[in-house]
Amino acid sequence: MQASPHAAAVAGLLGEMPLFQPLWPEERMRLAMQMRPKRFAKGEVIFHKDDPATHLFVISSGTVKISIQDETGREVLIAVYRGGDAFGDLALFDDGPRSATVTALTETVAYALSAAEFFAVMEKNPKALRALLARLTRIVRRVTGQVGDFVFLDLESRVAKYLLDLSEVSPGGKADVELTQEDLASFVGGTRAAVNRALADLEKLGAIRIGRRHVEIVDRERLRQEIRY
Amino acid sequence: MPAVARIPAIADALGEVPIFAALTVEERGELASHMRVRQFARDEVIFHRDDPSGHFFVIVAGTVKLASQDEAGREVTIAILRGGGHFGELELFDDLPRSVTVTAINETQVLALARTDFFAVLERHPRAMRVLLISLARVIRDTSRRIEDLVFLDLPSRVAKALLDLRSLHGANGEIHLTQEDIASFVGATRASVNRVLSDLEQQGILGIARRHIEIRDLPRLQAQIRY
């Protein structure tokens, strides 16, 4: 089969992701040839909680949020993913419905890969399966840590910890977090007003600077000190 | 059972464990020869958070609690597992120290498998690997749901939900063998506030509370306590 320049570019993207790095170049190319780009506008929902799950997605550009909403519209944010991250693989393992809703925070391009194709390639490569285990292990550790945070930390500590965590997963460790205060409130499980107060306090301490749609981390060490167990 | 169980008995026990169910009888026998039986008394710690990680554990009988503690000694229960369940694999995958403390809630028998033997099984049996991936995905689902509950539900709802979840873990007799402290740690609240919720439920005739266990007397009314 002749690989198109488009497939070569997707294979290149996969080659930079820890999940697909252990694959042979031919295996990555086989996946890439099956993957089609999908464009999502800012605010567009990529899939809803409880939808049937058939594909995983690889983000080429843009930012998405993974969140859960209750019937009254309250929302808790589980994670934020960017270019070079994958999402939507969890529900593929146990054939269950989607466990969360994914929404594009900015204009986003993501490549969809079917579960059948994904497993057909991954299962033939023990190193790739180990990478998959490592990926799930990291997620288990993150969500387990979040349970502890909700129980042990007060709101201001949760805001400080969340900003640090998010800046650490940002590409290049950029200390600039693109999120509205509403998104932030949803992530740390507080009301918007209470989170705004916590943010204003952190800004007064000189730990952060608040813009309209982003928060800049000015003093990482100061921010770390505000996490009180 | 004696502390040194015979290999056929271990192999039989492995047949009941989903992750090893795909193995043939011979393969289970082979695996059993690498496993050691360990017995833990009620409240005994199997491993502590930050201990070095070397083994994967399968529960043969009994119940264990996975919990993390903060510096002040406050505790939050991450999961409660019983016979057929497994734990300790996470740290083998990423080579980090133990992230939780695991304690036997009642008399518990586990099988321990060393890291190299564990990976040898996974590499030879893609089916076992698949089951393990599924179980990790399920842990993530369950834990995300706990976060959802902590954010969306008030304390009486969380207590009711925890009792219902724990009940399904303990079989159909409606008795939950946990202390009020265990439940407090599970729902992320102080023991005093959980005690208030529990005695309120007892006064309404929904629960019967004893020293080390709780009996569900009125299931539909307990379910009705969960308010989103």
# chains A, B, ... in the order shown; residues from 1 in each chain; ligands from 1
call {"tool": "select_by_dssp", "arguments": {"residues": "range 71-161 of chain B", "states": "strand (DSSP E)", "output": "number ranges by chain"}}
result
B: 75-82, 86-87, 101-104, 108-114
call {"tool": "residues_around", "arguments": {"residues": "range 26-34 of chain A", "least_positions_apart": "4", "cutoff": "9 Å", "atoms": "only C-alpha atoms", "output": "list in words"}}
result
Ala3, Ser4, His6, Ala7, Ala8, Ala9, Val10, Ala11, Gly12, Leu14, Gly15, Phe20, Gln21, Tyr111, Ala112, Leu113, Ser114, Glu117, Phe118, Val121 and Met122 of chain A
call {"tool": "write_last_selection", "arguments": {"atoms": "N, CA, C and O atoms", "output": "mmCIF file, in the first residue's frame"}}
result
data_model
loop_
_atom_site.group_PDB
_atom_site.id
_atom_site.type_symbol
_atom_site.label_atom_id
_atom_site.label_comp_id
_atom_site.auth_asym_id
_atom_site.auth_seq_id
_atom_site.Cartn_x
_atom_site.Cartn_y
_atom_site.Cartn_z
ATOM 1 N N ALA A 3 1.795 4.847 1.106
ATOM 2 C CA ALA A 3 1.438 5.752 2.184
ATOM 3 C C ALA A 3 1.347 7.183 1.671
ATOM 4 O O ALA A 3 2.242 7.658 0.986
ATOM 5 N N SER A 4 0.237 7.838 1.996
ATOM 6 C CA SER A 4 0.075 9.226 1.572
ATOM 7 C C SER A 4 0.899 10.133 2.477
ATOM 8 O O SER A 4 1.266 9.729 3.578
ATOM 9 N N HIS A 6 -0.190 12.527 4.044
ATOM 10 C CA HIS A 6 -1.052 12.738 5.204
ATOM 11 C C HIS A 6 -0.814 11.640 6.241
ATOM 12 O O HIS A 6 -0.606 11.905 7.425
ATOM 13 N N ALA A 7 -0.809 10.359 5.805
ATOM 14 C CA ALA A 7 -0.586 9.239 6.721
ATOM 15 C C ALA A 7 0.800 9.327 7.351
ATOM 16 O O ALA A 7 0.978 9.032 8.535
ATOM 17 N N ALA A 8 1.785 9.756 6.557
ATOM 18 C CA ALA A 8 3.144 9.878 7.091
ATOM 19 C C ALA A 8 3.184 10.902 8.226
ATOM 20 O O ALA A 8 3.852 10.693 9.247
ATOM 21 N N ALA A 9 2.420 11.988 8.062
ATOM 22 C CA ALA A 9 2.389 13.020 9.106
ATOM 23 C C ALA A 9 1.735 12.470 10.372
ATOM 24 O O ALA A 9 2.223 12.711 11.484
ATOM 25 N N VAL A 10 0.647 11.700 10.211
ATOM 26 C CA VAL A 10 -0.017 11.120 11.379
ATOM 27 C C VAL A 10 0.913 10.115 12.058
ATOM 28 O O VAL A 10 1.036 10.087 13.290
ATOM 29 N N ALA A 11 1.593 9.299 11.261
ATOM 30 C CA ALA A 11 2.537 8.318 11.822
ATOM 31 C C ALA A 11 3.624 9.041 12.618
ATOM 32 O O ALA A 11 4.066 8.560 13.672
ATOM 33 N N GLY A 12 4.046 10.202 12.110
ATOM 34 C CA GLY A 12 5.046 10.997 12.819
ATOM 35 C C GLY A 12 4.534 11.463 14.173
ATOM 36 O O GLY A 12 5.246 11.400 15.179
ATOM 37 N N LEU A 14 2.196 9.968 15.952
ATOM 38 C CA LEU A 14 2.128 8.789 16.820
ATOM 39 C C LEU A 14 3.505 8.442 17.389
ATOM 40 O O LEU A 14 3.627 8.015 18.537
ATOM 41 N N GLY A 15 4.532 8.649 16.558
ATOM 42 C CA GLY A 15 5.890 8.318 16.979
ATOM 43 C C GLY A 15 6.376 9.161 18.146
ATOM 44 O O GLY A 15 7.319 8.788 18.842
ATOM 45 N N PHE A 20 2.457 5.060 21.604
ATOM 46 C CA PHE A 20 2.691 4.407 20.320
ATOM 47 C C PHE A 20 4.177 4.256 19.988
ATOM 48 O O PHE A 20 4.532 3.634 18.996
ATOM 49 N N GLN A 21 5.038 4.830 20.816
ATOM 50 C CA GLN A 21 6.471 4.765 20.558
ATOM 51 C C GLN A 21 7.022 3.339 20.455
ATOM 52 O O GLN A 21 7.889 3.082 19.633
ATOM 53 N N TYR A 111 -7.528 12.922 15.532
ATOM 54 C CA TYR A 111 -7.625 11.765 14.635
ATOM 55 C C TYR A 111 -8.326 10.627 15.367
ATOM 56 O O TYR A 111 -7.947 10.289 16.486
ATOM 57 N N ALA A 112 -9.336 10.052 14.719
ATOM 58 C CA ALA A 112 -10.093 8.958 15.340
ATOM 59 C C ALA A 112 -9.532 7.619 14.877
ATOM 60 O O ALA A 112 -9.197 7.441 13.709
ATOM 61 N N LEU A 113 -9.419 6.687 15.821
ATOM 62 C CA LEU A 113 -8.905 5.346 15.519
ATOM 63 C C LEU A 113 -9.884 4.328 16.097
ATOM 64 O O LEU A 113 -10.235 4.409 17.284
ATOM 65 N N SER A 114 -10.325 3.362 15.276
ATOM 66 C CA SER A 114 -11.330 2.404 15.766
ATOM 67 C C SER A 114 -10.702 1.445 16.770
ATOM 68 O O SER A 114 -9.508 1.111 16.692
ATOM 69 N N GLU A 117 -9.088 -1.737 15.214
ATOM 70 C CA GLU A 117 -7.787 -1.512 14.594
ATOM 71 C C GLU A 117 -6.709 -1.294 15.654
ATOM 72 O O GLU A 117 -5.605 -1.824 15.565
ATOM 73 N N PHE A 118 -7.059 -0.515 16.673
ATOM 74 C CA PHE A 118 -6.134 -0.214 17.764
ATOM 75 C C PHE A 118 -5.650 -1.504 18.442
ATOM 76 O O PHE A 118 -4.450 -1.758 18.555
ATOM 77 N N VAL A 121 -3.401 -4.014 16.337
ATOM 78 C CA VAL A 121 -1.986 -3.680 16.241
ATOM 79 C C VAL A 121 -1.295 -3.799 17.605
ATOM 80 O O VAL A 121 -0.225 -4.391 17.724
ATOM 81 N N MET A 122 -1.929 -3.260 18.663
ATOM 82 C CA MET A 122 -1.283 -3.232 19.977
ATOM 83 C C MET A 122 -1.050 -4.646 20.523
ATOM 84 O O MET A 122 -0.030 -4.925 21.136
#
call {"tool": "interface_residues", "arguments": {"of": "chain A", "to": "chain B", "cutoff": "10 Å", "atoms": "only C-alpha atoms", "output": "NGL selection string"}}
result
:A and (67-72 or 74-78 or 89-96 or 98-100 or 119 or 123-127 or 129-153 or 186-190 or 229)
call {"tool": "write_last_selection", "arguments": {"atoms": "C-alpha atoms", "output": "compact mmCIF listing (two decimals), in the first residue's frame"}}
result
# COMPACT_ATOMS: atom_id res chain seq x y z
CA SER A 67 -15.65 16.32 32.48
CA ILE A 68 -18.75 14.88 34.08
CA GLN A 69 -21.99 16.83 34.42
CA ASP A 70 -24.91 16.08 36.69
CA GLU A 71 -28.57 16.65 35.80
CA THR A 72 -28.59 20.17 37.25
CA ARG A 74 -23.00 21.15 37.73
CA GLU A 75 -19.75 19.91 36.31
CA VAL A 76 -16.56 18.32 37.59
CA LEU A 77 -13.50 18.47 35.39
CA ILE A 78 -11.43 15.27 35.28
CA ASP A 89 -9.42 4.69 25.13
CA LEU A 90 -10.77 3.74 28.58
CA ALA A 91 -14.23 2.68 27.45
CA LEU A 92 -12.71 0.55 24.68
CA PHE A 93 -11.23 -1.93 27.17
CA ASP A 94 -14.41 -3.02 28.89
CA ASP A 95 -16.87 -2.21 26.07
CA GLY A 96 -18.71 0.08 28.44
CA ARG A 98 -18.29 6.67 27.71
CA SER A 99 -17.57 7.51 31.35
CA ALA A 100 -17.20 11.26 30.76
CA PHE A 119 -6.21 -3.57 19.55
CA GLU A 123 -1.92 -6.86 20.91
CA LYS A 124 0.78 -8.15 18.59
CA ASN A 125 3.43 -6.05 20.29
CA PRO A 126 4.20 -6.86 23.97
CA LYS A 127 6.13 -3.59 24.41
CA LEU A 129 0.91 -3.47 25.71
CA ARG A 130 3.36 -2.54 28.45
CA ALA A 131 3.07 1.11 27.34
CA LEU A 132 -0.70 0.80 27.53
CA LEU A 133 -0.43 -0.61 31.06
CA ALA A 134 1.89 2.25 32.03
CA ARG A 135 -0.62 4.76 30.62
CA LEU A 136 -3.53 3.29 32.58
CA THR A 137 -1.35 3.10 35.69
CA ARG A 138 -0.61 6.82 35.43
CA ILE A 139 -4.31 7.59 35.11
CA VAL A 140 -5.16 5.38 38.10
CA ARG A 141 -2.56 7.24 40.17
CA ARG A 142 -3.93 10.61 39.06
CA VAL A 143 -7.58 9.86 39.86
CA THR A 144 -6.61 8.20 43.15
CA GLY A 145 -4.69 11.34 44.05
CA GLN A 146 -7.74 13.43 43.19
CA VAL A 147 -9.90 11.46 45.64
CA GLY A 148 -7.33 12.23 48.35
CA ASP A 149 -7.27 15.90 47.36
CA PHE A 150 -11.03 16.26 47.65
CA VAL A 151 -10.97 14.71 51.10
CA PHE A 152 -7.81 16.20 52.60
CA LEU A 153 -7.36 19.64 51.05
CA SER A 186 -15.58 22.84 38.15
CA PHE A 187 -12.28 21.05 38.44
CA VAL A 188 -11.66 21.73 42.11
CA GLY A 189 -15.29 21.20 43.05
CA GLY A 190 -16.02 24.67 44.44
CA TYR A 229 -2.52 19.28 54.20
call {"tool": "residues_around", "arguments": {"residues": "His48 in chain B", "least_positions_apart": "5", "cutoff": "8 Å", "atoms": "only C-alpha atoms", "output": "number ranges by chain"}}
result
B: 98, 100-102
call {"tool": "residues_around", "arguments": {"residues": "Asn196 in chain A", "least_positions_apart": "2", "cutoff": "12 Å", "atoms": "only C-alpha atoms", "output": "list in words"}}
result
Leu155, Glu156, Val159, Thr180, Gln181, Glu182, Asp183, Leu184, Ala185, Ser186, Val188, Gly190, Thr191, Arg192, Ala193, Ala194, Ala198, Leu199, Ala200, Asp201, Leu202, Glu203, Ile210 and Val215 of chain A
call {"tool": "atom_distance", "arguments": {"atom1": "CA of Leu178 in chain B", "atom2": "CA of Leu207 in chain B"}}
result
13.5 Å
call {"tool": "residues_around", "arguments": {"residues": "Ala32 in chain B", "least_positions_apart": "3", "cutoff": "7 Å", "atoms": "only C-alpha atoms", "output": "JSON, numbers by chain"}}
result
{"B": [7, 10, 11, 28, 29, 35]}
call {"tool": "write_last_selection", "arguments": {"atoms": "N, CA and C atoms", "output": "PDB file, in the first residue's frame"}}
result
ATOM      1  N   ILE B   7       0.567 -26.976  46.133  1.00  0.00           N
ATOM      2  CA  ILE B   7       0.466 -26.312  44.838  1.00  0.00           C
ATOM      3  C   ILE B   7      -0.883 -26.557  44.141  1.00  0.00           C
ATOM      4  N   ILE B  10      -3.411 -24.140  45.408  1.00  0.00           N
ATOM      5  CA  ILE B  10      -3.185 -22.778  44.903  1.00  0.00           C
ATOM      6  C   ILE B  10      -3.686 -22.681  43.462  1.00  0.00           C
ATOM      7  N   ALA B  11      -3.362 -23.705  42.649  1.00  0.00           N
ATOM      8  CA  ALA B  11      -3.774 -23.695  41.243  1.00  0.00           C
ATOM      9  C   ALA B  11      -5.295 -23.625  41.128  1.00  0.00           C
ATOM     10  N   ARG B  28      -1.701 -22.901  35.081  1.00  0.00           N
ATOM     11  CA  ARG B  28      -2.018 -22.476  36.447  1.00  0.00           C
ATOM     12  C   ARG B  28      -1.173 -23.232  37.459  1.00  0.00           C
ATOM     13  N   GLY B  29      -0.931 -24.509  37.171  1.00  0.00           N
ATOM     14  CA  GLY B  29      -0.085 -25.319  38.052  1.00  0.00           C
ATOM     15  C   GLY B  29       1.330 -24.766  38.095  1.00  0.00           C
ATOM     16  N   MET B  35       4.044 -19.145  43.463  1.00  0.00           N
ATOM     17  CA  MET B  35       3.304 -18.260  44.375  1.00  0.00           C
ATOM     18  C   MET B  35       3.435 -18.734  45.820  1.00  0.00           C
TER      19      MET B  35
END
call {"tool": "closest_residue", "arguments": {"among": "B:Asp50, B:Glu16, B:Asp200, B:Glu175", "to": "Arg217 in chain B", "atoms": "only C-alpha atoms"}}
result
B:Glu175
call {"tool": "closest_residue", "arguments": {"among": "B:Gly62, B:Pro97, B:Gly54, B:Gly15", "to": "Gln39 in chain B", "atoms": "only C-alpha atoms"}}
result
B:Gly62
call {"tool": "residues_around", "arguments": {"residues": "Lys161 in chain B", "least_positions_apart": "4", "cutoff": "10 Å", "atoms": "only C-alpha atoms", "output": "VMD selection string"}}
result
chain B and resid 149 153 155 to 157 165 to 167 187 222 to 227
call {"tool": "atom_distance", "arguments": {"atom1": "CA of Gly208 in chain B", "atom2": "CA of Lys65 in chain B"}}
result
22.7 Å
call {"tool": "atom_distance", "arguments": {"atom1": "CA of Phe40 in chain A", "atom2": "CA of Ala104 in chain A"}}
result
6.5 Å
call {"tool": "select_by_dssp", "arguments": {"residues": "range 22-159 of chain B", "states": "helix (DSSP H, G or I)", "output": "PyMOL selection string"}}
result
chain B and resi 25-32+90-94+115-124+126-152+155-159
call {"tool": "residues_around", "arguments": {"residues": "Phe57 in chain B", "least_positions_apart": "5", "cutoff": "9 Å", "atoms": "only C-alpha atoms", "output": "CSV table (one decimal) with N, CA and C atoms, in the first residue's frame"}}
result
chain,number,residue,atom,x,y,z
B,85,GLY,N,-10.1,-10.8,44.0
B,85,GLY,CA,-9.6,-9.5,43.7
B,85,GLY,C,-8.1,-9.5,43.7
B,86,HIS,N,-7.4,-8.5,43.1
B,86,HIS,CA,-6.0,-8.4,43.1
B,86,HIS,C,-5.5,-7.0,43.4
B,87,PHE,N,-4.3,-6.9,43.9
B,87,PHE,CA,-3.7,-5.5,44.2
B,87,PHE,C,-2.2,-5.6,44.1
B,88,GLY,N,-1.6,-4.4,44.1
B,88,GLY,CA,-0.2,-4.3,44.1
B,88,GLY,C,0.5,-4.3,42.7
B,89,GLU,N,-0.3,-4.4,41.7
B,89,GLU,CA,0.3,-4.4,40.3
B,89,GLU,C,0.7,-3.1,39.8
B,110,VAL,N,-3.8,-14.4,51.1
B,110,VAL,CA,-3.4,-13.9,49.8
B,110,VAL,C,-2.3,-14.8,49.2
B,111,LEU,N,-2.2,-14.7,47.8
B,111,LEU,CA,-1.1,-15.3,47.1
B,111,LEU,C,-0.2,-14.2,46.6
B,112,ALA,N,1.1,-14.4,46.9
B,112,ALA,CA,2.1,-13.4,46.4
B,112,ALA,C,2.9,-13.9,45.3
B,113,LEU,N,3.0,-13.0,44.2
B,113,LEU,CA,3.8,-13.4,43.0
B,113,LEU,C,4.8,-12.3,42.8
B,114,ALA,N,6.1,-12.8,42.7
B,114,ALA,CA,7.2,-11.8,42.5
B,114,ALA,C,7.1,-11.1,41.1
